[in-house]
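Listing of entry.cif, mmCIF, C-alpha atoms
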```
data_run
loop_
_atom_site.label_atom_id
_atom_site.label_comp_id
_atom_site.auth_asym_id
_atom_site.auth_seq_id
_atom_site.Cartn_x
_atom_site.Cartn_y
_atom_site.Cartn_z
CA MET A 1 87.47 -16.26 9.44
CA ARG A 2 84.24 -14.85 8.17
CA CYS A 3 82.02 -14.90 11.20
CA TYR A 4 78.40 -14.37 10.24
CA TYR A 5 77.72 -12.56 13.50
CA CYS A 6 80.78 -10.33 13.67
CA GLU A 7 79.92 -7.03 12.12
CA PRO A 8 78.43 -8.67 8.98
CA ASP A 9 79.00 -6.87 5.72
CA HIS A 10 75.63 -7.43 4.05
CA PHE A 11 72.31 -7.17 5.84
CA HIS A 12 69.91 -6.14 3.10
CA ILE A 13 67.82 -9.33 3.40
CA GLU A 14 64.89 -9.88 1.09
CA GLN A 15 61.83 -11.85 2.12
CA ASP A 16 61.83 -14.17 -0.89
CA ILE A 17 65.58 -14.56 -0.70
CA PHE A 18 66.06 -17.78 -2.65
CA SER A 19 63.78 -16.67 -5.45
CA SER A 20 65.90 -13.54 -5.64
CA LEU A 21 69.06 -15.64 -5.61
CA PHE A 22 67.77 -17.70 -8.55
CA GLN A 23 67.00 -14.53 -10.50
CA TYR A 24 70.44 -13.12 -9.73
CA CYS A 25 72.14 -16.33 -10.86
CA ALA A 26 70.23 -16.13 -14.13
CA HIS A 27 71.36 -12.53 -14.51
CA TYR A 28 74.93 -13.60 -13.74
CA LEU A 29 74.88 -16.18 -16.53
CA ARG A 30 73.17 -13.84 -18.98
CA GLY A 31 75.04 -10.58 -18.26
CA ASP A 32 74.86 -7.48 -20.43
CA GLY A 33 78.32 -7.66 -22.02
CA SER A 34 79.69 -4.48 -20.44
CA ALA A 35 83.02 -4.48 -18.66
CA ALA A 36 81.39 -3.26 -15.46
CA SER A 37 78.85 -6.11 -15.56
CA VAL A 38 81.54 -8.74 -16.18
CA ASP A 39 83.72 -7.40 -13.38
CA PHE A 40 80.82 -7.27 -10.95
CA ARG A 41 79.95 -10.87 -11.74
CA ARG A 42 83.55 -11.84 -11.09
CA LEU A 43 83.49 -10.07 -7.72
CA TRP A 44 80.15 -11.66 -6.86
CA PHE A 45 81.45 -15.12 -7.80
CA SER A 46 84.50 -14.67 -5.56
CA ASN A 47 82.28 -13.47 -2.72
CA GLY A 48 80.15 -16.60 -3.07
CA LEU A 49 83.21 -18.86 -2.97
CA ASN A 50 84.42 -17.10 0.17
CA CYS A 51 81.02 -17.32 1.88
CA PHE A 52 80.74 -21.07 1.37
CA GLY A 53 84.42 -21.54 2.18
CA ALA A 54 84.03 -19.65 5.45
CA GLN A 55 81.11 -21.85 6.50
CA ILE A 56 83.14 -25.00 5.80
CA THR A 57 86.22 -23.64 7.60
CA SER A 58 84.25 -22.53 10.67
CA LEU A 59 83.25 -26.17 11.27
CA ALA A 60 86.18 -28.10 9.77
CA LEU A 61 88.97 -26.22 11.54
CA PRO A 62 87.71 -26.80 15.13
CA LEU A 63 86.77 -30.39 14.23
CA CYS A 64 90.32 -30.88 13.01
CA ALA A 65 91.54 -29.73 16.44
CA VAL A 66 89.02 -31.79 18.43
CA LEU A 67 89.00 -35.05 16.45
CA LEU A 68 92.58 -35.28 15.16
CA LEU A 69 94.62 -33.42 17.78
CA HIS A 70 92.36 -34.11 20.79
CA ALA A 71 92.42 -30.45 21.79
CA THR A 72 91.70 -29.47 25.38
CA PRO A 73 89.19 -26.72 26.26
CA GLU A 74 92.05 -24.28 26.90
CA GLN A 75 93.56 -25.03 23.50
CA MET A 76 90.19 -24.49 21.82
CA GLY A 77 89.92 -21.17 23.64
CA VAL A 78 93.31 -20.10 22.31
CA LEU A 79 92.39 -21.20 18.76
CA VAL A 80 89.17 -19.18 18.71
CA ALA A 81 90.86 -16.21 20.41
CA LEU A 82 93.57 -16.06 17.74
CA GLN A 83 90.95 -16.08 14.99
CA ALA A 84 89.33 -13.04 16.60
CA LEU A 85 92.54 -11.23 17.61
CA PRO A 86 93.01 -9.49 14.21
CA PHE A 87 89.80 -7.53 14.86
CA ALA A 88 91.42 -6.04 17.96
CA LEU A 89 94.86 -5.52 16.41
CA PHE A 90 93.96 -4.31 12.93
CA GLY A 91 90.34 -3.11 13.12
CA LEU A 92 91.24 0.59 13.44
CA PRO A 93 94.38 0.75 11.24
CA VAL A 94 92.65 -1.09 8.39
CA GLY A 95 90.12 1.73 8.02
CA VAL A 96 92.95 4.20 7.48
CA LEU A 97 94.80 1.79 5.16
CA LEU A 98 91.77 1.39 2.90
CA ASP A 99 91.37 5.17 2.65
CA ARG A 100 94.98 5.50 1.44
CA ARG A 101 95.64 2.44 -0.79
CA SER A 102 94.15 0.77 -3.84
CA LYS A 103 91.75 -1.96 -2.79
CA HIS A 104 92.18 -4.49 -5.60
CA PRO A 105 95.73 -5.60 -4.70
CA ILE A 106 94.74 -5.76 -1.01
CA MET A 107 91.93 -8.17 -1.93
CA LEU A 108 94.31 -10.35 -3.95
CA PHE A 109 96.87 -10.47 -1.15
CA SER A 110 94.25 -11.32 1.51
CA GLU A 111 92.70 -14.13 -0.57
CA SER A 112 96.12 -15.61 -1.42
CA MET A 113 97.24 -15.47 2.21
CA SER A 114 94.09 -17.19 3.47
CA GLY A 115 94.14 -19.88 0.76
CA LEU A 116 97.78 -20.82 1.33
CA ALA A 117 97.32 -20.91 5.11
CA LEU A 118 94.37 -23.29 4.83
CA ALA A 119 96.14 -25.50 2.29
CA SER A 120 99.02 -25.85 4.73
CA VAL A 121 96.72 -27.64 7.21
CA ALA A 122 96.16 -30.55 4.84
CA VAL A 123 99.84 -30.67 3.84
CA ALA A 124 100.96 -30.64 7.48
CA TYR A 125 98.51 -33.41 8.37
CA TRP A 126 99.68 -35.67 5.54
CA CYS A 127 103.30 -35.02 6.53
CA GLY A 128 102.55 -35.91 10.15
CA VAL A 129 103.54 -32.51 11.56
CA LEU A 130 100.13 -30.94 12.20
CA SER A 131 99.85 -29.51 15.71
CA MET A 132 97.80 -27.04 17.71
CA PRO A 133 100.42 -24.25 17.29
CA TRP A 134 100.12 -24.80 13.53
CA LEU A 135 96.35 -24.34 13.74
CA TYR A 136 96.87 -21.26 15.93
CA ILE A 137 98.92 -19.60 13.19
CA VAL A 138 96.42 -20.58 10.48
CA GLY A 139 93.52 -19.24 12.54
CA PHE A 140 95.28 -15.90 13.02
CA ILE A 141 96.09 -15.62 9.31
CA ILE A 142 92.55 -16.30 8.08
CA GLY A 143 91.18 -13.90 10.71
CA THR A 144 93.53 -11.23 9.39
CA GLY A 145 92.45 -12.00 5.84
CA PHE A 146 88.82 -11.44 6.77
CA VAL A 147 89.46 -8.14 8.56
CA VAL A 148 91.61 -6.71 5.76
CA GLY A 149 90.12 -8.37 2.69
CA GLY A 150 86.49 -8.04 3.78
CA GLY A 151 86.85 -4.31 4.28
CA ALA A 152 88.65 -3.90 0.95
CA GLU A 153 85.90 -5.82 -0.84
CA GLN A 154 83.19 -3.51 0.48
CA VAL A 155 85.03 -0.35 -0.55
CA PHE A 156 85.91 -1.82 -3.95
CA LEU A 157 82.28 -2.81 -4.49
CA THR A 158 81.20 0.81 -3.96
CA PHE A 159 83.79 1.94 -6.52
CA LEU A 160 82.71 -0.75 -9.00
CA VAL A 161 78.93 -0.25 -9.00
CA GLY A 162 78.63 3.32 -7.71
CA ARG A 163 76.44 4.48 -4.85
CA ASP A 164 73.30 4.24 -6.99
CA GLY A 165 73.88 0.54 -7.62
CA LEU A 166 75.09 -0.31 -4.12
CA ILE A 167 71.78 -1.47 -2.65
CA ASP A 168 71.10 -3.85 -5.54
CA ALA A 169 74.66 -5.19 -5.42
CA GLN A 170 74.58 -5.71 -1.66
CA SER A 171 71.25 -7.50 -1.89
CA LYS A 172 72.84 -9.98 -4.31
CA PHE A 173 75.75 -10.48 -1.96
CA ALA A 174 73.34 -10.91 0.96
CA ALA A 175 71.36 -13.56 -0.91
CA THR A 176 74.57 -15.51 -1.55
CA GLU A 177 75.70 -15.20 2.06
CA SER A 178 72.32 -16.29 3.39
CA ALA A 179 72.31 -19.31 1.08
CA SER A 180 75.78 -20.25 2.29
CA ARG A 181 74.64 -19.93 5.90
CA LEU A 182 71.75 -22.30 5.22
CA ILE A 183 73.60 -24.86 3.08
CA GLY A 184 77.24 -24.48 4.12
CA PRO A 185 77.23 -26.16 7.57
CA GLY A 186 75.54 -29.29 6.23
CA LEU A 187 77.98 -29.41 3.33
CA ALA A 188 80.86 -28.98 5.77
CA GLY A 189 79.59 -31.79 7.98
CA VAL A 190 79.29 -34.16 5.03
CA LEU A 191 82.78 -33.27 3.74
CA VAL A 192 84.34 -33.85 7.17
CA GLN A 193 82.35 -37.07 7.70
CA VAL A 194 83.20 -38.54 4.28
CA LEU A 195 86.57 -37.03 3.36
CA SER A 196 88.04 -35.95 6.77
CA ALA A 197 88.55 -32.46 8.18
CA PRO A 198 91.90 -31.75 6.43
CA VAL A 199 90.44 -32.56 3.02
CA ALA A 200 87.42 -30.34 3.73
CA ILE A 201 89.80 -27.51 4.63
CA LEU A 202 91.78 -28.17 1.43
CA CYS A 203 88.56 -27.77 -0.59
CA THR A 204 88.13 -24.35 1.00
CA ALA A 205 91.73 -23.44 0.19
CA CYS A 206 91.13 -24.32 -3.46
CA GLY A 207 88.11 -22.02 -3.44
CA TYR A 208 90.24 -19.12 -2.21
CA LEU A 209 92.90 -19.74 -4.86
CA ILE A 210 90.25 -19.94 -7.61
CA SER A 211 88.95 -16.63 -6.31
CA VAL A 212 92.42 -15.07 -6.66
CA PHE A 213 92.67 -16.04 -10.33
CA ASN A 214 89.11 -14.84 -10.89
CA LEU A 215 89.82 -11.42 -9.35
CA ARG A 216 93.08 -11.05 -11.25
CA ALA A 217 91.08 -11.32 -14.49
CA MET A 218 89.03 -8.21 -13.68
CA SER A 219 89.59 -5.36 -16.12
CA VAL A 220 88.67 -2.56 -13.70
CA ARG A 221 91.19 -1.34 -11.12
CA ASP A 222 90.40 1.26 -8.49
CA PRO A 223 92.80 4.22 -8.51
CA ARG A 224 95.15 4.89 -5.64
CA PRO A 225 93.64 7.63 -3.42
CA ALA A 226 95.34 10.99 -3.24
CA PRO A 227 98.02 11.16 -0.52
CA SER A 228 96.83 12.48 2.83
CA ASP A 229 98.93 14.71 5.07
CA LYS A 230 96.69 13.98 8.07
CA HIS A 231 98.21 11.65 10.64
CA ALA A 232 96.52 8.26 10.78
CA LEU A 233 96.21 8.45 14.56
CA ARG A 234 94.14 11.63 14.23
CA ASP A 235 91.60 9.81 12.03
CA ILE A 236 91.42 6.99 14.58
CA ALA A 237 90.98 9.45 17.46
CA ASP A 238 88.19 11.27 15.60
CA GLY A 239 86.26 8.02 15.19
CA LEU A 240 86.64 7.08 18.85
CA LEU A 241 85.52 10.53 20.03
CA PHE A 242 82.49 10.51 17.74
CA VAL A 243 81.26 7.16 19.07
CA TRP A 244 81.89 8.20 22.68
CA ARG A 245 79.93 11.45 22.32
CA GLU A 246 76.89 9.84 20.68
CA PRO A 247 74.83 8.18 23.46
CA LEU A 248 73.11 5.64 21.20
CA LEU A 249 76.36 4.54 19.55
CA ARG A 250 78.02 4.30 22.95
CA ALA A 251 75.24 2.03 24.24
CA LEU A 252 75.32 -0.13 21.11
CA ALA A 253 79.11 -0.42 21.34
CA TRP A 254 79.30 -1.74 24.89
CA GLY A 255 76.25 -3.97 24.41
CA ALA A 256 77.58 -5.57 21.22
CA GLY A 257 81.07 -5.76 22.74
CA ILE A 258 79.86 -7.83 25.70
CA TRP A 259 77.72 -9.96 23.38
CA HIS A 260 80.73 -10.78 21.21
CA PHE A 261 82.70 -11.64 24.36
CA LEU A 262 80.01 -14.19 25.22
CA PHE A 263 79.58 -15.44 21.66
CA TYR A 264 83.27 -16.15 21.14
CA ALA A 265 83.34 -17.82 24.54
CA SER A 266 80.60 -20.15 23.32
CA MET A 267 82.42 -20.73 20.02
CA ALA A 268 85.38 -22.07 21.98
CA LEU A 269 83.19 -24.69 23.67
CA THR A 270 80.29 -25.65 21.39
CA VAL A 271 82.18 -28.09 19.14
CA LEU A 272 83.64 -29.77 22.23
CA PHE A 273 80.20 -29.89 23.84
CA ALA A 274 78.46 -31.24 20.73
CA THR A 275 81.03 -33.92 19.90
CA ARG A 276 82.15 -35.08 23.37
CA ASP A 277 79.19 -34.39 25.65
CA LEU A 278 76.37 -35.01 23.17
CA GLY A 279 78.22 -37.54 21.00
CA MET A 280 77.42 -35.91 17.63
CA SER A 281 79.29 -36.97 14.51
CA PRO A 282 80.56 -34.23 12.13
CA GLY A 283 77.67 -34.92 9.77
CA VAL A 284 75.04 -34.57 12.49
CA LEU A 285 76.69 -31.42 13.84
CA GLY A 286 76.64 -29.89 10.36
CA MET A 287 72.95 -30.67 10.00
CA THR A 288 72.09 -29.10 13.35
CA GLN A 289 73.89 -25.92 12.33
CA MET A 290 72.00 -25.92 9.03
CA LEU A 291 68.83 -25.44 11.05
CA GLY A 292 70.44 -22.31 12.42
CA GLY A 293 70.60 -21.06 8.84
CA ALA A 294 66.85 -21.60 8.62
CA GLY A 295 66.56 -19.30 11.64
CA VAL A 296 68.35 -16.63 9.62
CA LEU A 297 65.76 -17.09 6.89
CA LEU A 298 62.91 -16.74 9.40
CA SER A 299 64.38 -13.46 10.61
CA ALA A 300 64.11 -12.11 7.05
CA PHE A 301 60.34 -12.53 7.25
CA ILE A 302 59.74 -11.11 10.72
CA VAL A 303 62.31 -8.34 11.21
CA LYS A 304 60.36 -5.69 9.28
CA PRO A 305 56.99 -6.36 10.99
CA LEU A 306 58.67 -6.41 14.39
CA THR A 307 60.54 -3.19 13.72
CA LYS A 308 57.38 -1.51 12.44
CA ARG A 309 55.33 -2.56 15.46
CA TYR A 310 57.83 -2.27 18.31
CA GLY A 311 60.56 -0.02 16.93
CA ALA A 312 64.20 -0.73 16.10
CA GLY A 313 65.35 -0.51 19.72
CA ARG A 314 62.89 -3.06 21.09
CA THR A 315 63.53 -5.39 18.15
CA ILE A 316 67.22 -5.36 19.11
CA LEU A 317 66.24 -6.27 22.66
CA ILE A 318 63.95 -9.09 21.45
CA GLY A 319 66.82 -10.54 19.44
CA LEU A 320 69.19 -10.21 22.40
CA ALA A 321 66.70 -11.95 24.72
CA SER A 322 66.31 -14.81 22.22
CA THR A 323 70.06 -15.43 22.15
CA SER A 324 70.18 -15.28 25.96
CA VAL A 325 67.49 -17.96 26.28
CA CYS A 326 69.45 -20.21 23.93
CA PHE A 327 72.70 -19.58 25.80
CA ALA A 328 70.90 -20.51 29.03
CA LEU A 329 69.31 -23.71 27.73
CA THR A 330 72.31 -25.15 25.86
CA PRO A 331 74.20 -26.51 28.90
CA THR A 332 71.01 -28.17 30.18
CA ILE A 333 70.79 -30.56 27.20
CA PRO A 334 71.57 -34.08 28.50
CA ALA A 335 73.72 -36.58 26.64
CA ALA A 336 70.60 -38.67 25.96
CA LEU A 337 67.39 -36.66 26.13
CA PHE A 338 64.47 -39.04 26.83
CA GLY A 339 67.04 -41.81 26.59
CA SER A 340 68.00 -40.92 23.02
CA ALA A 341 71.13 -39.20 21.68
CA ALA A 342 69.11 -38.27 18.57
CA ALA A 343 66.65 -36.34 20.73
CA SER A 344 69.55 -34.39 22.25
CA ALA A 345 70.77 -33.51 18.75
CA VAL A 346 67.26 -32.32 17.82
CA ALA A 347 67.09 -30.16 20.95
CA TYR A 348 70.48 -28.65 20.11
CA ALA A 349 69.34 -27.95 16.53
CA ILE A 350 66.16 -26.20 17.75
CA LEU A 351 68.25 -23.93 19.97
CA MET A 352 70.52 -23.12 17.01
CA PHE A 353 67.42 -22.15 15.01
CA PHE A 354 66.19 -19.65 17.59
CA PHE A 355 69.71 -18.44 18.35
CA ASP A 356 70.48 -17.54 14.73
CA CYS A 357 67.08 -15.91 14.32
CA GLY A 358 67.72 -13.84 17.46
CA VAL A 359 71.17 -12.80 16.27
CA MET A 360 69.75 -11.37 13.06
CA LEU A 361 66.96 -9.58 14.91
CA PHE A 362 69.71 -8.01 17.01
CA PHE A 363 72.10 -7.01 14.23
CA ILE A 364 69.87 -5.88 11.36
CA PRO A 365 68.29 -2.91 13.21
CA TYR A 366 71.59 -2.41 15.07
CA LEU A 367 73.38 -1.65 11.80
CA GLY A 368 70.51 0.52 10.61
CA LEU A 369 70.57 2.65 13.77
CA ARG A 370 74.32 3.13 13.45
CA GLN A 371 73.93 4.51 9.94
CA LYS A 372 71.04 6.81 10.83
CA VAL A 373 72.83 8.67 13.64
CA THR A 374 76.10 9.10 11.70
CA PRO A 375 76.73 11.87 9.13
CA ASP A 376 78.24 10.85 5.79
CA PRO A 377 81.76 12.25 6.43
CA MET A 378 82.06 10.05 9.55
CA LEU A 379 80.62 6.78 8.18
CA GLY A 380 83.95 5.13 7.40
CA ARG A 381 85.56 6.01 10.72
CA MET A 382 82.41 5.14 12.66
CA THR A 383 82.24 1.71 11.00
CA SER A 384 85.87 0.83 11.68
CA THR A 385 85.62 2.17 15.24
CA MET A 386 82.45 0.23 16.06
CA ARG A 387 83.88 -2.88 14.47
CA PHE A 388 86.93 -2.55 16.70
CA LEU A 389 85.04 -1.75 19.90
CA THR A 390 82.51 -4.54 19.50
CA VAL A 391 84.84 -7.38 18.51
CA ALA A 392 88.01 -6.43 20.41
CA THR A 393 86.64 -8.24 23.47
CA ALA A 394 86.16 -11.51 21.58
CA PRO A 395 89.64 -13.03 22.21
CA LEU A 396 89.24 -12.49 25.96
CA GLY A 397 85.90 -14.30 25.90
CA ALA A 398 87.38 -17.33 24.13
CA LEU A 399 90.36 -17.50 26.48
CA ALA A 400 88.20 -17.15 29.59
CA ALA A 401 85.79 -19.87 28.44
CA GLY A 402 88.65 -22.24 27.65
CA TRP A 403 90.19 -21.72 31.09
CA ILE A 404 86.88 -22.23 32.93
CA ALA A 405 86.03 -25.35 30.93
CA GLU A 406 89.52 -26.77 31.45
CA HIS A 407 89.27 -26.47 35.23
CA PHE A 408 85.54 -26.84 35.91
CA GLY A 409 84.10 -28.65 32.87
CA VAL A 410 82.56 -27.65 29.56
CA ARG A 411 78.98 -27.54 30.87
CA ASN A 412 80.01 -25.20 33.69
CA GLY A 413 81.77 -22.99 31.16
CA LEU A 414 78.58 -22.79 29.11
CA ALA A 415 76.61 -22.07 32.29
CA CYS A 416 78.84 -19.05 33.00
CA ILE A 417 78.16 -17.78 29.48
CA ALA A 418 74.44 -18.22 30.11
CA ALA A 419 74.60 -16.18 33.33
CA GLY A 420 76.52 -13.42 31.55
CA SER A 421 73.99 -13.28 28.70
CA ILE A 422 71.07 -12.92 31.12
CA LEU A 423 72.83 -10.07 32.95
CA LEU A 424 73.60 -8.39 29.62
CA THR A 425 69.94 -8.55 28.56
CA VAL A 426 68.80 -6.96 31.84
CA ALA A 427 71.46 -4.24 31.53
CA MET A 428 70.51 -3.45 27.92
CA VAL A 429 66.80 -3.25 28.75
CA TRP A 430 67.16 -1.00 31.81
CA GLY A 431 70.51 0.72 31.23
CA THR A 432 70.21 1.99 27.65
CA PRO A 433 67.76 4.18 25.70
CA LEU A 434 66.90 1.32 23.30
CA ARG A 435 63.38 0.73 24.68
CA SER A 436 62.34 4.19 23.47
CA VAL A 437 64.10 4.14 20.06
CA ARG A 438 61.60 3.74 17.24
CA THR A 439 63.64 4.36 14.06
#
```
Take the structure I supplied and represent it as structure tokens, if you would.
Amino acid sequence: MRCYYCEPDHFHIEQDIFSSLFQYCAHYLRGDGSAASVDFRRLWFSNGLNCFGAQITSLALPLCAVLLLHATPEQMGVLVALQALPFALFGLPVGVLLDRRSKHPIMLFSESMSGLALASVAVAYWCGVLSMPWLYIVGFIIGTGFVVGGGAEQVFLTFLVGRDGLIDAQSKFAATESASRLIGPGLAGVLVQVLSAPVAILCTACGYLISVFNLRAMSVRDPRPAPSDKHALRDIADGLLFVWREPLLRALAWGAGIWHFLFYASMALTVLFATRDLGMSPGVLGMTQMLGGAGVLLSAFIVKPLTKRYGAGRTILIGLASTSVCFALTPTIPAALFGSAAASAVAYAILMFFFDCGVMLFFIPYLGLRQKVTPDPMLGRMTSTMRFLTVATAPLGALAAGWIAEHFGVRNGLACIAAGSILLTVAMVWGTPLRSVRT
């Protein structure tokens, strides 16, 4: 599962992002004939397939559970928790693995594993054996593929283009990911509405398998790193100690960790809330989430002016406060606002817009601050450690939300998330040094 909010890989966002994307597509088609250019375009194409596939899966998989298997809130909590569990289990070991193995075969294995797992959903449905335990296993597998394959892709990209070309390459990847965030949910809603959720998931599986064949055709292979005689646990311990001893990183870690707890809790309930409480069809739900992608685009225009005027720390707090307001207002949306279900859908879409904008205002300066306070030799271990610390809480959030909603109702579960987000905002404002951090 490629979650756009969970330690995103690419946050170099340009203000005229779709103009840039058009230019990059033209460059992709034109190329310069060199092996490096061809291989980069292959990697970029696979990244684009995965970005759009992840957006379709993130909507189609829970809709498959809700609409076809009539999942309960507790079952939805387990499904979301298992998608996040690989971050907790493999987040730290993967950093060591990538330092000691070639990345290209790891990418191929991760893509193949994810594609076959998703294809099995459609096959199981047509054979009449699809069940929630089946979806649990698929969710865990695609979560593992993201943790392992996403990290391998980033390291391989650095090898492929070199450090001098990394910013330009990441900006191209970011443009593709932002376009998928804007277009993908609407496409997913239409696919589920017209073709059914299993067929939409099968389309994603085909994208992963096409990506495997595309990556296999690359001519460049990264060499296997020299063997290390240092114990892997020592590398992990060094990363943990570094984060603990740096006050700013420590504050960012616990703040982002609690936020991910709340976010995954909301992920377990939002599809249930939108479809059962608000009566949205898959197509309407996809369109409301598309407006969230427009919020991402807005953040690209305002993050730099906000950071310049208020500083990186206060911009993080502004983004956090925006998400808290949206968490708080979501459970107050009635089934028929002003007597109209359409008005309720519009209200939900507006909240998604400001929520996604707030998330980006939180994470863009967050990632920048992490890099600035970390010396080069510690960057890899810091990244894997922060990724682990901030997302390891996510499965607990999903499970807790599912249990609360099962026993007290979905709206009450969302209300608990809202209360937690308000407390987190207050704690981050008054209990961390972020208010005084400028750059």
Notebook entry, point to check: Which is closest to Phe362 (chain A) among A:Met428, A:Leu320, A:Val80, A:Ala300, if we use all atoms listed in the file?
Noted result: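 Once distances to Phe362 (chain A) are computed over all atoms listed in the file, the minimum belongs to A:Leu320.
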Next item on the list: Step by step, work through what the PyMOL selection byres ((chain A and resi 49) around 9) selects in the shown file, and finish by giving those residues as a VMD selection string.
Entry: chain A and resid 44 to 48 50 to 54 204 207 to 208 210 to 211
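Matched in the shown structure by the PyMOL selection byres ((chain A and resi 105) around 12): Leu98, Arg101, Ser102, Lys103, His104, Ile106, Met107, Leu108, Phe109, Ser110, Glu111, Ser112, Val148, Gly149, Ala152, Glu153, Phe156, Val212, Leu215, Arg216, Met218, Val220, Arg221, Asp222, Pro223 and Arg224 of chain A.
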Next item on the list: Write out as a count of residues only the residues lying within 12 Å of region 200-203 of chain A, counting all atoms listed in the file and excluding same-chain residues fewer than 4 positions away.
Entry: 47
Check: Neighbours of Arg435 (chain A) within 7 Å (all atoms listed in the file; same-chain residues fewer than 3 positions away dropped), as JSON, numbers by chain?
Finding: {"A": [313, 314, 429]}
With C-alpha atoms as the atom set, please write region 388-433 of chain A from the structure just given, as a PDB file, in the first residue's frame.
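Contents of the output file result_39.pdb:
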```pdb
ATOM      1  CA  PHE A 388       9.643   3.091  11.772  1.00  0.00           C
ATOM      2  CA  LEU A 389       8.922   5.318  14.764  1.00  0.00           C
ATOM      3  CA  THR A 390       6.259   7.382  13.022  1.00  0.00           C
ATOM      4  CA  VAL A 391       4.299   4.593  11.339  1.00  0.00           C
ATOM      5  CA  ALA A 392       4.755   1.753  13.842  1.00  0.00           C
ATOM      6  CA  THR A 393       1.756   3.078  15.793  1.00  0.00           C
ATOM      7  CA  ALA A 394      -0.548   2.924  12.760  1.00  0.00           C
ATOM      8  CA  PRO A 395      -1.815  -0.681  13.206  1.00  0.00           C
ATOM      9  CA  LEU A 396      -2.830   0.089  16.794  1.00  0.00           C
ATOM     10  CA  GLY A 397      -4.817   3.108  15.629  1.00  0.00           C
ATOM     11  CA  ALA A 398      -6.732   1.077  13.051  1.00  0.00           C
ATOM     12  CA  LEU A 399      -7.502  -1.712  15.517  1.00  0.00           C
ATOM     13  CA  ALA A 400      -8.625   0.717  18.226  1.00  0.00           C
ATOM     14  CA  ALA A 401     -10.912   2.612  15.841  1.00  0.00           C
ATOM     15  CA  GLY A 402     -12.468  -0.616  14.583  1.00  0.00           C
ATOM     16  CA  TRP A 403     -13.187  -1.796  18.133  1.00  0.00           C
ATOM     17  CA  ILE A 404     -14.714   1.535  19.208  1.00  0.00           C
ATOM     18  CA  ALA A 405     -16.871   1.770  16.080  1.00  0.00           C
ATOM     19  CA  GLU A 406     -18.015  -1.838  16.468  1.00  0.00           C
ATOM     20  CA  HIS A 407     -19.240  -1.261  20.018  1.00  0.00           C
ATOM     21  CA  PHE A 408     -20.237   2.417  20.015  1.00  0.00           C
ATOM     22  CA  GLY A 409     -20.846   3.342  16.369  1.00  0.00           C
ATOM     23  CA  VAL A 410     -18.797   4.754  13.505  1.00  0.00           C
ATOM     24  CA  ARG A 411     -19.582   8.403  14.299  1.00  0.00           C
ATOM     25  CA  ASN A 412     -18.445   7.942  17.893  1.00  0.00           C
ATOM     26  CA  GLY A 413     -15.247   6.329  16.644  1.00  0.00           C
ATOM     27  CA  LEU A 414     -14.593   9.350  14.430  1.00  0.00           C
ATOM     28  CA  ALA A 415     -15.383  11.647  17.364  1.00  0.00           C
ATOM     29  CA  CYS A 416     -12.673   9.933  19.443  1.00  0.00           C
ATOM     30  CA  ILE A 417     -10.206  10.514  16.610  1.00  0.00           C
ATOM     31  CA  ALA A 418     -11.242  14.175  16.544  1.00  0.00           C
ATOM     32  CA  ALA A 419     -10.613  14.559  20.293  1.00  0.00           C
ATOM     33  CA  GLY A 420      -7.199  12.933  19.942  1.00  0.00           C
ATOM     34  CA  SER A 421      -6.215  15.223  17.062  1.00  0.00           C
ATOM     35  CA  ILE A 422      -7.134  18.350  19.043  1.00  0.00           C
ATOM     36  CA  LEU A 423      -5.072  17.167  22.026  1.00  0.00           C
ATOM     37  CA  LEU A 424      -2.149  16.396  19.701  1.00  0.00           C
ATOM     38  CA  THR A 425      -2.252  19.897  18.203  1.00  0.00           C
ATOM     39  CA  VAL A 426      -2.204  21.503  21.665  1.00  0.00           C
ATOM     40  CA  ALA A 427       0.677  19.253  22.752  1.00  0.00           C
ATOM     41  CA  MET A 428       2.711  20.026  19.616  1.00  0.00           C
ATOM     42  CA  VAL A 429       2.183  23.778  19.984  1.00  0.00           C
ATOM     43  CA  TRP A 430       3.081  23.992  23.681  1.00  0.00           C
ATOM     44  CA  GLY A 431       5.230  20.891  24.235  1.00  0.00           C
ATOM     45  CA  THR A 432       7.758  21.097  21.389  1.00  0.00           C
ATOM     46  CA  PRO A 433      10.272  23.673  20.112  1.00  0.00           C
TER      47      PRO A 433
END
```
